[in-house]
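Enquirer: The structure follows.
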Amino acid sequence: MTRRLSAQPFAKQITARATEIAARAIADARGTAPEIAVVIATSEPDSLLYVDRLLKQVSATGLVGRRVELGEAATEAEIFATLTSLSADQSVAGIILQSPLPSGVSREIVAAAIAPGKDIDGITLVNAERLADGTHDASLLPATAAAVMELLRAYEIPLQGRQAVVVGRSAVVGRPVAHLLELEGAHVEVAHSKTPDLGVVTRTAAVLVVAAGVRGLVRGEHVSPGTVVIDVGIHPSGDTIVGDVDAPSVEAQLGETGGLSPVPGGVGPMTSAILALHAAQAAERLVRRRA
């Protein structure tokens with residue numbers, strides 16, 4: 001049976017660490033809890049549910065979660081102005097810009113309004129460039145990409161000198177994951193949903209990260225026995241969610257020596273835990289700057 005790379009109990013350990021850091025920051029601030037602001041300009045139910053869960057996890061650390069609702073009709077100028085104001089607000093330690101954004105709004109343009117030190121989801125150009133050249137701060141990495149790497153680390157999956165394939169090239173997950181894998185010494189190839197023969201590329205992988213945003217894109221014929229597969233996809237399916245990987249056919253091909261992160265229960269909860277940790281670390285930075 002294929003090994004399931006569940007986020008538990010590792011996500012719990014990360015959340016516990018976040019809570020300890022947040023408690024120190026609050027104590028140093030004489031009982032005043034720094035805020036983590038989540039800016040929302042969408043009405044998509046799945047996105048709003050994610051925000052609810054994220055704010056609940058932030059609050060569980062002792063920090064204050066600020067929900068900033070702009071509405072799906074928000075303009076680029078309105079979003080930029082809001083992020084500028086939050087960046088200047090001395091009570092706000094960290095900022096998250098929730099996806100998706102309204103049609104016509106450039107993520108890159110509005111993200112430029114976020115102070116790099118408050119960019120706890122690693123979306124600013126400054127933090128992206130630091131990641132690309134290997135000078136990044138681990139507390140300012142894109143959270144989902146960091147969660148992928150944490151899962152691999154938790155299960156002691158070797159990367160040095162191994163072939164890794166990332167399916168998906170988004171600035172949010174695909175490209176950051178590729179950079180992080182390269183920094184760990186892996187030989188990385190990036191494919192996507194339009195790659196002419198996806199299986200030719202993915203079957204070479206010892207480690208395969210699937211973040212294409214296409215439900216069930218990767219199937220059994222796309223993987224080799226023994227591969228470790230990390231599924232980043234999230235797609236509603238009745239009362240549950242499924243990923244970018246067709247789990248039954250892929251598990252049948254991977255065999256006992258392979259591994260697959262489950263959806264739900266894999267990258268998702270690890271991402272929430274990582275964001276809670278980044279939030280606590282940002283709170284600690286804010287309090288130290290005030291001192």
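Chain lettering (A, B, ...) mirrors the order of the structure tokens, residue numbering begins at 1 for each chain separately, and ligand numbering begins at 1 in order of display.
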Can you check which parts of stretch 200-250 of chain A lie within 8 Å of stretch 167-184 of chain A? Per residue, the shortest pair of atoms and distance in Å to one decimal, counting only C-alpha atoms, sorted by chain and number, as a tab-separated table.
Expert:
residue	atom	partner	partner_atom	distance
A:Leu208	CA	A:Val167	CA	7.6
A:Val209	CA	A:Val167	CA	6.2
A:Val210	CA	A:Val167	CA	4.8
A:Ala211	CA	A:Gly168	CA	5.0
A:Ala212	CA	A:Gly168	CA	4.2
A:Gly213	CA	A:Gly168	CA	7.7
Enquirer: Go ahead and dump the residues you just picked, C-alpha atoms, as a PDB file, in the first residue's frame.
Expert:
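For reference, out00.pdb as written:
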ATOM      1  CA  LEU A 208       6.560  14.959  -8.268  1.00  0.00           C
ATOM      2  CA  VAL A 209       4.750  18.112  -7.109  1.00  0.00           C
ATOM      3  CA  VAL A 210       1.415  18.697  -8.843  1.00  0.00           C
ATOM      4  CA  ALA A 211       0.152  22.282  -8.634  1.00  0.00           C
ATOM      5  CA  ALA A 212      -1.548  22.859 -11.977  1.00  0.00           C
ATOM      6  CA  GLY A 213      -5.027  23.717 -10.698  1.00  0.00           C
TER       7      GLY A 213
END
Enquirer: Could you check which of A:Ala77, A:Ala186, A:Ala60, A:Ala111 is closest to A:Gln163, using only C-alpha atoms?
Expert: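 Nearest candidate to A:Gln163 out of A:Ala77, A:Ala186, A:Ala60, A:Ala111: A:Ala186.
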Enquirer: Which is closest to A:Ile123 among A:Arg107, A:His136, A:Arg24, A:Arg66, if we use only C-alpha atoms?
Expert: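 That would be A:Arg107, the residue with the smallest distance to A:Ile123.
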Enquirer: Using only C-alpha atoms, which protein or nucleic acid residues come within 6 Å of A:Gly259? Drop anything in the same chain fewer than 6 positions from it, and give the result as a PyMOL selection string.
Expert: chain A and resi 2-4+228-229
Enquirer: So which residues touch A:Leu97 within 9 Å, counting only C-alpha atoms, skipping near sequence neighbours fewer than 4 positions away, as JSON, numbers by chain?
Expert: {"A": [37, 38, 39, 40, 41, 83, 101, 107, 111, 119, 121, 123]}
Enquirer: Go ahead and dump the residues you just picked, N, CA, C and O atoms, as a PDB file, in the first residue's frame.
Expert:
ATOM      1  N   ALA A  37      -3.729  40.874   9.061  1.00  0.00           N
ATOM      2  CA  ALA A  37      -4.815  41.330   8.192  1.00  0.00           C
ATOM      3  C   ALA A  37      -4.917  40.453   6.952  1.00  0.00           C
ATOM      4  O   ALA A  37      -3.917  40.193   6.280  1.00  0.00           O
ATOM      5  N   VAL A  38      -6.130  40.008   6.664  1.00  0.00           N
ATOM      6  CA  VAL A  38      -6.399  39.248   5.441  1.00  0.00           C
ATOM      7  C   VAL A  38      -7.309  40.090   4.559  1.00  0.00           C
ATOM      8  O   VAL A  38      -8.441  40.407   4.943  1.00  0.00           O
ATOM      9  N   VAL A  39      -6.811  40.479   3.406  1.00  0.00           N
ATOM     10  CA  VAL A  39      -7.550  41.337   2.487  1.00  0.00           C
ATOM     11  C   VAL A  39      -8.272  40.464   1.468  1.00  0.00           C
ATOM     12  O   VAL A  39      -7.656  39.632   0.782  1.00  0.00           O
ATOM     13  N   ILE A  40      -9.589  40.666   1.350  1.00  0.00           N
ATOM     14  CA  ILE A  40     -10.438  39.803   0.532  1.00  0.00           C
ATOM     15  C   ILE A  40     -11.190  40.648  -0.478  1.00  0.00           C
ATOM     16  O   ILE A  40     -11.879  41.604  -0.124  1.00  0.00           O
ATOM     17  N   ALA A  41     -11.054  40.291  -1.767  1.00  0.00           N
ATOM     18  CA  ALA A  41     -11.778  40.982  -2.827  1.00  0.00           C
ATOM     19  C   ALA A  41     -12.417  39.946  -3.745  1.00  0.00           C
ATOM     20  O   ALA A  41     -12.279  39.981  -4.965  1.00  0.00           O
ATOM     21  N   LEU A  83      -3.838  48.042   0.964  1.00  0.00           N
ATOM     22  CA  LEU A  83      -2.583  47.377   1.336  1.00  0.00           C
ATOM     23  C   LEU A  83      -1.531  48.389   1.793  1.00  0.00           C
ATOM     24  O   LEU A  83      -0.751  48.112   2.714  1.00  0.00           O
ATOM     25  N   LEU A 101      -8.317  37.539  -7.278  1.00  0.00           N
ATOM     26  CA  LEU A 101      -8.566  38.970  -7.314  1.00  0.00           C
ATOM     27  C   LEU A 101      -9.582  39.283  -8.409  1.00  0.00           C
ATOM     28  O   LEU A 101      -9.782  38.479  -9.328  1.00  0.00           O
ATOM     29  N   ARG A 107      -2.125  41.186  -9.756  1.00  0.00           N
ATOM     30  CA  ARG A 107      -1.608  40.756  -8.457  1.00  0.00           C
ATOM     31  C   ARG A 107      -0.239  41.381  -8.196  1.00  0.00           C
ATOM     32  O   ARG A 107       0.059  41.822  -7.079  1.00  0.00           O
ATOM     33  N   ALA A 111       0.395  43.874  -5.066  1.00  0.00           N
ATOM     34  CA  ALA A 111       1.291  43.289  -4.067  1.00  0.00           C
ATOM     35  C   ALA A 111       2.458  44.219  -3.747  1.00  0.00           C
ATOM     36  O   ALA A 111       3.026  44.156  -2.649  1.00  0.00           O
ATOM     37  N   ASP A 119       4.888  40.748   4.518  1.00  0.00           N
ATOM     38  CA  ASP A 119       4.412  39.871   3.441  1.00  0.00           C
ATOM     39  C   ASP A 119       4.563  38.413   3.849  1.00  0.00           C
ATOM     40  O   ASP A 119       5.454  37.707   3.389  1.00  0.00           O
ATOM     41  N   ASP A 121       2.970  35.814   3.167  1.00  0.00           N
ATOM     42  CA  ASP A 121       2.685  34.779   2.176  1.00  0.00           C
ATOM     43  C   ASP A 121       3.615  34.904   0.972  1.00  0.00           C
ATOM     44  O   ASP A 121       3.376  34.311  -0.075  1.00  0.00           O
ATOM     45  N   ILE A 123       4.417  37.122  -1.472  1.00  0.00           N
ATOM     46  CA  ILE A 123       3.944  37.420  -2.827  1.00  0.00           C
ATOM     47  C   ILE A 123       4.570  38.675  -3.428  1.00  0.00           C
ATOM     48  O   ILE A 123       4.368  38.945  -4.616  1.00  0.00           O
TER      49      ILE A 123
END
Enquirer: When DSSP works through the backbone of this structure, what residues of stretch 79-108 of chain A end up as alpha helix (DSSP H), shown as a CSV table (one decimal) with all heavy atoms, in the first residue's frame?
Expert:
chain,number,residue,atom,x,y,z
A,79,ILE,N,-7.6,48.3,-3.8
A,79,ILE,CA,-6.8,47.3,-3.2
A,79,ILE,C,-5.5,47.8,-2.8
A,79,ILE,O,-4.9,47.5,-1.7
A,79,ILE,CB,-6.8,46.0,-4.1
A,79,ILE,CG1,-8.2,45.5,-4.3
A,79,ILE,CG2,-5.9,45.0,-3.5
A,79,ILE,CD1,-8.2,44.4,-5.4
A,80,PHE,N,-4.8,48.5,-3.8
A,80,PHE,CA,-3.5,49.1,-3.5
A,80,PHE,C,-3.5,50.0,-2.3
A,80,PHE,O,-2.6,49.9,-1.5
A,80,PHE,CB,-3.0,49.8,-4.8
A,80,PHE,CG,-1.6,50.2,-4.8
A,80,PHE,CD1,-0.6,49.4,-5.3
A,80,PHE,CD2,-1.2,51.4,-4.1
A,80,PHE,CE1,0.7,49.8,-5.3
A,80,PHE,CE2,0.2,51.8,-4.1
A,80,PHE,CZ,1.1,51.0,-4.7
A,81,ALA,N,-4.5,50.9,-2.3
A,81,ALA,CA,-4.6,51.8,-1.2
A,81,ALA,C,-4.8,51.1,0.2
A,81,ALA,O,-4.2,51.5,1.2
A,81,ALA,CB,-5.8,52.8,-1.4
A,82,THR,N,-5.6,50.1,0.2
A,82,THR,CA,-5.9,49.3,1.4
A,82,THR,C,-4.6,48.7,1.9
A,82,THR,O,-4.2,48.7,3.1
A,82,THR,CB,-6.9,48.2,1.2
A,82,THR,OG1,-8.2,48.9,0.8
A,82,THR,CG2,-7.1,47.4,2.4
A,83,LEU,N,-3.8,48.0,1.0
A,83,LEU,CA,-2.6,47.4,1.3
A,83,LEU,C,-1.5,48.4,1.8
A,83,LEU,O,-0.8,48.1,2.7
A,83,LEU,CB,-2.1,46.6,0.1
A,83,LEU,CG,-2.9,45.4,-0.3
A,83,LEU,CD1,-2.5,44.8,-1.6
A,83,LEU,CD2,-3.0,44.3,0.8
A,84,THR,N,-1.5,49.6,1.2
A,84,THR,CA,-0.6,50.6,1.6
A,84,THR,C,-0.9,51.0,3.0
A,84,THR,O,0.0,51.2,3.9
A,84,THR,CB,-0.7,51.8,0.7
A,84,THR,OG1,-0.4,51.4,-0.7
A,84,THR,CG2,0.2,53.0,1.1
A,85,SER,N,-2.2,51.2,3.3
A,85,SER,CA,-2.6,51.6,4.7
A,85,SER,C,-2.2,50.6,5.7
A,85,SER,O,-1.7,50.9,6.8
A,85,SER,CB,-4.1,51.9,4.7
A,85,SER,OG,-4.6,52.2,6.0
A,86,LEU,N,-2.5,49.3,5.4
A,86,LEU,CA,-2.2,48.2,6.3
A,86,LEU,C,-0.7,48.1,6.6
A,86,LEU,O,-0.2,47.8,7.7
A,86,LEU,CB,-2.7,46.9,5.8
A,86,LEU,CG,-4.3,46.8,5.8
A,86,LEU,CD1,-4.7,45.5,5.1
A,86,LEU,CD2,-4.8,46.7,7.3
A,87,SER,N,0.1,48.4,5.5
A,87,SER,CA,1.6,48.3,5.6
A,87,SER,C,2.1,49.4,6.6
A,87,SER,O,3.1,49.2,7.3
A,87,SER,CB,2.2,48.5,4.3
A,87,SER,OG,2.0,47.4,3.4
A,88,ALA,N,1.4,50.5,6.6
A,88,ALA,CA,1.8,51.6,7.5
A,88,ALA,C,1.2,51.5,8.9
A,88,ALA,O,1.7,52.2,9.8
A,88,ALA,CB,1.4,52.9,6.9
A,107,ARG,N,-2.1,41.2,-9.8
A,107,ARG,CA,-1.6,40.8,-8.5
A,107,ARG,C,-0.2,41.4,-8.2
A,107,ARG,O,0.1,41.8,-7.1
A,107,ARG,CB,-1.5,39.2,-8.4
A,107,ARG,CG,-1.1,38.6,-7.1
A,107,ARG,CD,-1.0,37.1,-7.2
A,107,ARG,NE,-0.6,36.5,-6.0
A,107,ARG,CZ,-1.4,36.2,-4.9
A,107,ARG,NH1,-2.7,36.5,-5.0
A,107,ARG,NH2,-1.0,35.6,-3.8
A,108,GLU,N,0.6,41.4,-9.2
A,108,GLU,CA,1.9,42.0,-9.1
A,108,GLU,C,1.9,43.5,-8.7
A,108,GLU,O,2.7,43.9,-7.8
A,108,GLU,CB,2.7,41.8,-10.3
A,108,GLU,CG,4.2,42.2,-10.3
A,108,GLU,CD,5.0,41.9,-11.5
A,108,GLU,OE1,5.1,40.7,-11.8
A,108,GLU,OE2,5.5,42.8,-12.2
Enquirer: Looking only at the backbone, which of the residues in stretch 125-272 of chain A does DSSP tag as strand (DSSP E or B), as a short mmCIF file (atom, residue, chain, number, x, y, z; two decimals) with all heavy atoms, in the first residue's frame?
Expert:
data_model
loop_
_atom_site.label_atom_id
_atom_site.label_comp_id
_atom_site.auth_asym_id
_atom_site.auth_seq_id
_atom_site.Cartn_x
_atom_site.Cartn_y
_atom_site.Cartn_z
N GLN A 163 15.83 13.65 -9.18
CA GLN A 163 15.03 14.31 -10.20
C GLN A 163 13.67 14.70 -9.61
O GLN A 163 12.94 13.87 -9.08
CB GLN A 163 14.79 13.38 -11.39
CG GLN A 163 13.95 13.96 -12.52
CD GLN A 163 14.65 15.07 -13.28
OE1 GLN A 163 15.86 15.24 -13.17
NE2 GLN A 163 13.91 15.82 -14.07
N ALA A 164 13.35 16.00 -9.67
CA ALA A 164 12.06 16.49 -9.20
C ALA A 164 11.35 17.17 -10.37
O ALA A 164 11.97 17.88 -11.16
CB ALA A 164 12.25 17.48 -8.06
N VAL A 165 10.06 16.93 -10.47
CA VAL A 165 9.24 17.57 -11.50
C VAL A 165 8.12 18.33 -10.82
O VAL A 165 7.46 17.80 -9.91
CB VAL A 165 8.66 16.54 -12.50
CG1 VAL A 165 7.69 17.22 -13.46
CG2 VAL A 165 9.78 15.85 -13.26
N VAL A 166 7.93 19.58 -11.23
CA VAL A 166 6.83 20.40 -10.73
C VAL A 166 5.86 20.62 -11.88
O VAL A 166 6.25 21.12 -12.94
CB VAL A 166 7.33 21.76 -10.21
CG1 VAL A 166 6.16 22.61 -9.72
CG2 VAL A 166 8.35 21.56 -9.09
N VAL A 167 4.61 20.21 -11.69
CA VAL A 167 3.58 20.43 -12.70
C VAL A 167 2.81 21.68 -12.29
O VAL A 167 2.08 21.68 -11.30
CB VAL A 167 2.63 19.23 -12.84
CG1 VAL A 167 1.60 19.49 -13.93
CG2 VAL A 167 3.41 17.96 -13.14
N HIS A 187 17.45 18.13 -9.04
CA HIS A 187 17.43 18.51 -10.45
C HIS A 187 15.97 18.71 -10.83
O HIS A 187 15.18 17.77 -10.79
CB HIS A 187 18.05 17.40 -11.30
CG HIS A 187 19.46 17.07 -10.91
ND1 HIS A 187 20.50 17.96 -11.04
CD2 HIS A 187 19.99 15.94 -10.37
CE1 HIS A 187 21.62 17.40 -10.61
NE2 HIS A 187 21.34 16.18 -10.19
N VAL A 188 15.60 19.93 -11.16
CA VAL A 188 14.18 20.29 -11.30
C VAL A 188 13.78 20.55 -12.74
O VAL A 188 14.49 21.26 -13.48
CB VAL A 188 13.85 21.53 -10.45
CG1 VAL A 188 12.37 21.87 -10.55
CG2 VAL A 188 14.24 21.30 -8.98
N GLU A 189 12.65 19.98 -13.13
CA GLU A 189 12.04 20.28 -14.42
C GLU A 189 10.60 20.73 -14.16
O GLU A 189 9.91 20.16 -13.31
CB GLU A 189 12.05 19.05 -15.33
CG GLU A 189 11.56 19.34 -16.75
CD GLU A 189 11.87 18.22 -17.73
OE1 GLU A 189 12.52 17.23 -17.31
OE2 GLU A 189 11.48 18.35 -18.89
N VAL A 190 10.17 21.76 -14.87
CA VAL A 190 8.82 22.29 -14.71
C VAL A 190 7.99 21.95 -15.93
O VAL A 190 8.40 22.21 -17.07
CB VAL A 190 8.84 23.81 -14.48
CG1 VAL A 190 7.42 24.36 -14.38
CG2 VAL A 190 9.63 24.16 -13.22
N ALA A 191 6.82 21.36 -15.69
CA ALA A 191 5.85 21.06 -16.75
C ALA A 191 4.55 21.77 -16.40
O ALA A 191 4.44 22.45 -15.38
CB ALA A 191 5.63 19.55 -16.86
N VAL A 207 10.53 12.75 -7.25
CA VAL A 207 9.61 13.57 -6.47
C VAL A 207 8.79 14.38 -7.46
O VAL A 207 9.34 15.08 -8.30
CB VAL A 207 10.36 14.50 -5.51
CG1 VAL A 207 9.37 15.44 -4.80
CG2 VAL A 207 11.15 13.70 -4.48
N LEU A 208 7.47 14.28 -7.35
CA LEU A 208 6.56 14.96 -8.27
C LEU A 208 5.61 15.85 -7.48
O LEU A 208 4.87 15.37 -6.62
CB LEU A 208 5.76 13.93 -9.07
CG LEU A 208 4.68 14.44 -10.03
CD1 LEU A 208 5.29 15.30 -11.12
CD2 LEU A 208 3.91 13.27 -10.64
N VAL A 209 5.65 17.16 -7.76
CA VAL A 209 4.75 18.11 -7.11
C VAL A 209 3.75 18.58 -8.15
O VAL A 209 4.13 19.10 -9.20
CB VAL A 209 5.53 19.33 -6.55
CG1 VAL A 209 4.57 20.31 -5.89
CG2 VAL A 209 6.59 18.87 -5.56
N VAL A 210 2.46 18.38 -7.86
CA VAL A 210 1.42 18.70 -8.84
C VAL A 210 0.62 19.90 -8.34
O VAL A 210 -0.12 19.82 -7.36
CB VAL A 210 0.48 17.49 -9.08
CG1 VAL A 210 -0.44 17.78 -10.26
CG2 VAL A 210 1.30 16.23 -9.35
N VAL A 218 -3.16 14.49 -13.14
CA VAL A 218 -2.15 13.43 -13.10
C VAL A 218 -2.81 12.11 -12.70
O VAL A 218 -3.44 12.00 -11.64
CB VAL A 218 -1.01 13.80 -12.12
CG1 VAL A 218 -0.10 12.61 -11.87
CG2 VAL A 218 -0.22 14.98 -12.68
N VAL A 228 7.47 9.80 -5.11
CA VAL A 228 6.77 10.52 -4.05
C VAL A 228 6.01 11.66 -4.71
O VAL A 228 6.60 12.50 -5.39
CB VAL A 228 7.76 11.07 -3.01
CG1 VAL A 228 7.06 12.02 -2.03
CG2 VAL A 228 8.42 9.93 -2.26
N VAL A 229 4.69 11.69 -4.53
CA VAL A 229 3.82 12.66 -5.19
C VAL A 229 3.18 13.57 -4.16
O VAL A 229 2.54 13.11 -3.21
CB VAL A 229 2.72 11.95 -6.01
CG1 VAL A 229 1.84 12.98 -6.72
CG2 VAL A 229 3.34 10.99 -7.03
N ILE A 230 3.35 14.88 -4.35
CA ILE A 230 2.72 15.88 -3.49
C ILE A 230 1.63 16.58 -4.29
O ILE A 230 1.91 17.22 -5.30
CB ILE A 230 3.74 16.92 -2.98
CG1 ILE A 230 4.92 16.23 -2.28
CG2 ILE A 230 3.05 17.92 -2.05
CD1 ILE A 230 4.56 15.50 -1.01
N ASP A 231 0.39 16.44 -3.84
CA ASP A 231 -0.78 16.99 -4.53
C ASP A 231 -1.19 18.30 -3.88
O ASP A 231 -1.62 18.35 -2.73
CB ASP A 231 -1.93 15.97 -4.45
CG ASP A 231 -3.12 16.37 -5.31
OD1 ASP A 231 -3.11 17.46 -5.90
OD2 ASP A 231 -4.07 15.55 -5.39
N HIS A 235 -10.11 20.99 -5.07
CA HIS A 235 -11.30 21.12 -5.90
C HIS A 235 -12.50 20.54 -5.15
O HIS A 235 -12.44 19.41 -4.66
CB HIS A 235 -11.13 20.36 -7.23
CG HIS A 235 -9.88 20.72 -7.96
ND1 HIS A 235 -9.78 21.85 -8.73
CD2 HIS A 235 -8.66 20.11 -8.01
CE1 HIS A 235 -8.56 21.92 -9.25
NE2 HIS A 235 -7.87 20.88 -8.83
N PRO A 236 -13.59 21.31 -5.00
CA PRO A 236 -14.77 20.80 -4.32
C PRO A 236 -15.33 19.56 -5.02
O PRO A 236 -15.36 19.50 -6.26
CB PRO A 236 -15.76 21.97 -4.40
CG PRO A 236 -14.93 23.17 -4.67
CD PRO A 236 -13.77 22.69 -5.49
N SER A 237 -15.77 18.59 -4.23
CA SER A 237 -16.40 17.39 -4.78
C SER A 237 -17.43 16.90 -3.77
O SER A 237 -17.12 16.12 -2.86
CB SER A 237 -15.34 16.31 -5.03
OG SER A 237 -15.94 15.13 -5.56
N THR A 240 -16.69 16.92 0.14
CA THR A 240 -15.25 16.86 0.41
C THR A 240 -14.50 17.62 -0.68
O THR A 240 -15.09 18.36 -1.47
CB THR A 240 -14.77 15.39 0.49
OG1 THR A 240 -13.41 15.37 0.93
CG2 THR A 240 -14.91 14.68 -0.84
N ILE A 241 -13.20 17.46 -0.71
CA ILE A 241 -12.39 18.05 -1.77
C ILE A 241 -11.48 16.99 -2.37
O ILE A 241 -11.16 15.98 -1.72
CB ILE A 241 -11.55 19.24 -1.26
CG1 ILE A 241 -10.64 18.80 -0.11
CG2 ILE A 241 -12.42 20.41 -0.87
CD1 ILE A 241 -9.67 19.87 0.35
N VAL A 242 -11.08 17.21 -3.62
CA VAL A 242 -10.13 16.32 -4.30
C VAL A 242 -9.02 17.19 -4.87
O VAL A 242 -9.11 18.42 -4.86
CB VAL A 242 -10.81 15.50 -5.41
CG1 VAL A 242 -11.84 14.55 -4.81
CG2 VAL A 242 -11.46 16.42 -6.44
N VAL A 245 -4.45 15.31 -8.52
CA VAL A 245 -4.04 13.93 -8.75
C VAL A 245 -5.24 13.00 -8.64
O VAL A 245 -6.03 13.12 -7.70
CB VAL A 245 -2.96 13.51 -7.73
CG1 VAL A 245 -2.65 12.02 -7.82
CG2 VAL A 245 -1.69 14.35 -7.92
N GLY A 259 4.90 7.32 -2.40
CA GLY A 259 4.20 8.11 -1.39
C GLY A 259 3.29 9.12 -2.05
O GLY A 259 3.58 9.62 -3.15
N LEU A 260 2.17 9.45 -1.39
CA LEU A 260 1.22 10.41 -1.93
C LEU A 260 0.63 11.23 -0.78
O LEU A 260 0.16 10.67 0.21
CB LEU A 260 0.08 9.69 -2.68
CG LEU A 260 -1.08 10.56 -3.17
CD1 LEU A 260 -0.60 11.56 -4.22
CD2 LEU A 260 -2.20 9.69 -3.73
#
Enquirer: Write out as a ChimeraX atom specification the residues lying within 12 Å of A:Lys118, counting only C-alpha atoms and excluding same-chain residues fewer than 3 positions away.
Expert: /A:34-38,83-84,86-97,111-115,121-124,126-127,137,139-141,278-286
Enquirer: Hey, can you spit out that residue selection with N, CA and C atoms as a compact mmCIF listing (two decimals), in the first residue's frame?
Expert:
# COMPACT_ATOMS: atom_id res chain seq x y z
N PRO A 34 -0.60 41.72 18.42
CA PRO A 34 -0.51 42.25 17.07
C PRO A 34 -1.58 41.64 16.16
N GLU A 35 -1.87 42.33 15.07
CA GLU A 35 -2.92 41.89 14.15
C GLU A 35 -2.33 41.29 12.87
N ILE A 36 -3.07 40.34 12.32
CA ILE A 36 -2.77 39.78 11.00
C ILE A 36 -3.97 40.11 10.11
N ALA A 37 -3.73 40.87 9.06
CA ALA A 37 -4.81 41.33 8.19
C ALA A 37 -4.92 40.45 6.95
N VAL A 38 -6.13 40.01 6.66
CA VAL A 38 -6.40 39.25 5.44
C VAL A 38 -7.31 40.09 4.56
N LEU A 83 -3.84 48.04 0.96
CA LEU A 83 -2.58 47.38 1.34
C LEU A 83 -1.53 48.39 1.79
N THR A 84 -1.52 49.56 1.19
CA THR A 84 -0.61 50.61 1.61
C THR A 84 -0.91 51.05 3.04
N LEU A 86 -2.48 49.32 5.41
CA LEU A 86 -2.17 48.24 6.34
C LEU A 86 -0.65 48.12 6.56
N SER A 87 0.10 48.36 5.51
CA SER A 87 1.56 48.30 5.64
C SER A 87 2.08 49.37 6.60
N ALA A 88 1.40 50.52 6.63
CA ALA A 88 1.81 51.62 7.51
C ALA A 88 1.24 51.50 8.92
N ASP A 89 0.27 50.64 9.11
CA ASP A 89 -0.42 50.49 10.40
C ASP A 89 0.47 49.74 11.39
N GLN A 90 0.85 50.40 12.47
CA GLN A 90 1.77 49.81 13.44
C GLN A 90 1.14 48.71 14.30
N SER A 91 -0.17 48.53 14.20
CA SER A 91 -0.81 47.43 14.92
C SER A 91 -0.85 46.15 14.09
N VAL A 92 -0.54 46.26 12.79
CA VAL A 92 -0.60 45.12 11.87
C VAL A 92 0.80 44.55 11.67
N ALA A 93 0.95 43.27 12.01
CA ALA A 93 2.26 42.61 11.88
C ALA A 93 2.41 41.91 10.55
N GLY A 94 1.32 41.37 10.02
CA GLY A 94 1.40 40.60 8.78
C GLY A 94 0.19 40.81 7.91
N ILE A 95 0.40 40.67 6.59
CA ILE A 95 -0.67 40.91 5.62
C ILE A 95 -0.74 39.73 4.66
N ILE A 96 -1.98 39.27 4.41
CA ILE A 96 -2.23 38.23 3.41
C ILE A 96 -3.23 38.78 2.41
N LEU A 97 -2.92 38.68 1.13
CA LEU A 97 -3.84 39.08 0.06
C LEU A 97 -4.46 37.81 -0.50
N ALA A 111 0.39 43.87 -5.07
CA ALA A 111 1.29 43.29 -4.07
C ALA A 111 2.46 44.22 -3.75
N ALA A 112 2.79 45.11 -4.68
CA ALA A 112 3.89 46.05 -4.45
C ALA A 112 3.59 47.00 -3.30
N ALA A 113 2.31 47.11 -2.91
CA ALA A 113 1.94 47.99 -1.80
C ALA A 113 2.17 47.33 -0.44
N ILE A 114 2.46 46.05 -0.42
CA ILE A 114 2.69 45.34 0.85
C ILE A 114 4.14 45.53 1.29
N ALA A 115 4.34 45.99 2.51
CA ALA A 115 5.70 46.10 3.06
C ALA A 115 6.33 44.70 3.08
N ASP A 121 2.97 35.81 3.17
CA ASP A 121 2.69 34.78 2.18
C ASP A 121 3.61 34.90 0.97
N GLY A 122 4.67 35.72 1.10
CA GLY A 122 5.74 35.77 0.12
C GLY A 122 5.33 36.14 -1.30
N ILE A 123 4.42 37.12 -1.47
CA ILE A 123 3.94 37.42 -2.83
C ILE A 123 4.57 38.67 -3.43
N THR A 124 5.31 39.44 -2.65
CA THR A 124 5.90 40.66 -3.20
C THR A 124 7.09 40.31 -4.09
N VAL A 126 9.94 41.76 -4.11
CA VAL A 126 11.16 41.75 -3.29
C VAL A 126 11.42 40.38 -2.70
N ASN A 127 10.39 39.78 -2.11
CA ASN A 127 10.58 38.47 -1.49
C ASN A 127 10.73 37.36 -2.53
N ASP A 137 14.16 35.01 3.51
CA ASP A 137 13.83 34.78 4.92
C ASP A 137 12.75 33.69 4.94
N SER A 139 10.59 32.95 6.96
CA SER A 139 9.29 33.37 7.49
C SER A 139 8.50 34.21 6.48
N LEU A 140 9.09 34.46 5.30
CA LEU A 140 8.42 35.26 4.27
C LEU A 140 8.33 34.50 2.95
N LEU A 141 8.28 33.19 3.04
CA LEU A 141 8.12 32.34 1.86
C LEU A 141 6.64 32.21 1.51
N HIS A 278 4.28 31.87 10.26
CA HIS A 278 4.74 33.12 9.67
C HIS A 278 4.11 34.32 10.37
N ALA A 279 2.82 34.20 10.72
CA ALA A 279 2.12 35.29 11.41
C ALA A 279 2.76 35.56 12.77
N ALA A 280 3.05 34.49 13.51
CA ALA A 280 3.67 34.66 14.83
C ALA A 280 5.06 35.27 14.71
N GLN A 281 5.82 34.84 13.72
CA GLN A 281 7.16 35.39 13.52
C GLN A 281 7.09 36.87 13.13
N ALA A 282 6.07 37.23 12.34
CA ALA A 282 5.88 38.64 11.97
C ALA A 282 5.51 39.46 13.19
N ALA A 283 4.68 38.90 14.07
CA ALA A 283 4.31 39.59 15.31
C ALA A 283 5.54 39.84 16.17
N GLU A 284 6.40 38.85 16.24
CA GLU A 284 7.63 39.01 17.02
C GLU A 284 8.51 40.11 16.44
N ARG A 285 8.61 40.16 15.10
CA ARG A 285 9.38 41.23 14.46
C ARG A 285 8.82 42.61 14.75
N LEU A 286 7.49 42.72 14.68
CA LEU A 286 6.83 44.00 14.91
C LEU A 286 7.09 44.51 16.33
Enquirer: Show me, as CSV, the residues of stretch 238-291 of chain A having an atom within 12 Å of stretch 53-56 of chain A, each with the closest atom pair and its distance in Å, using only C-alpha atoms.
Expert:
residue,atom,partner,partner_atom,distance
A:Gly268,CA,A:Leu54,CA,10.7
A:Pro269,CA,A:Leu54,CA,9.8
A:Met270,CA,A:Leu54,CA,11.5
A:Thr271,CA,A:Leu54,CA,9.5
A:Ser272,CA,A:Leu54,CA,6.2
A:Ala273,CA,A:Leu54,CA,8.9
A:Ile274,CA,A:Leu54,CA,10.5
A:Leu275,CA,A:Leu54,CA,8.0
A:Ala276,CA,A:Leu54,CA,7.9
A:Leu277,CA,A:Leu54,CA,11.7
A:Ala279,CA,A:Leu55,CA,10.7
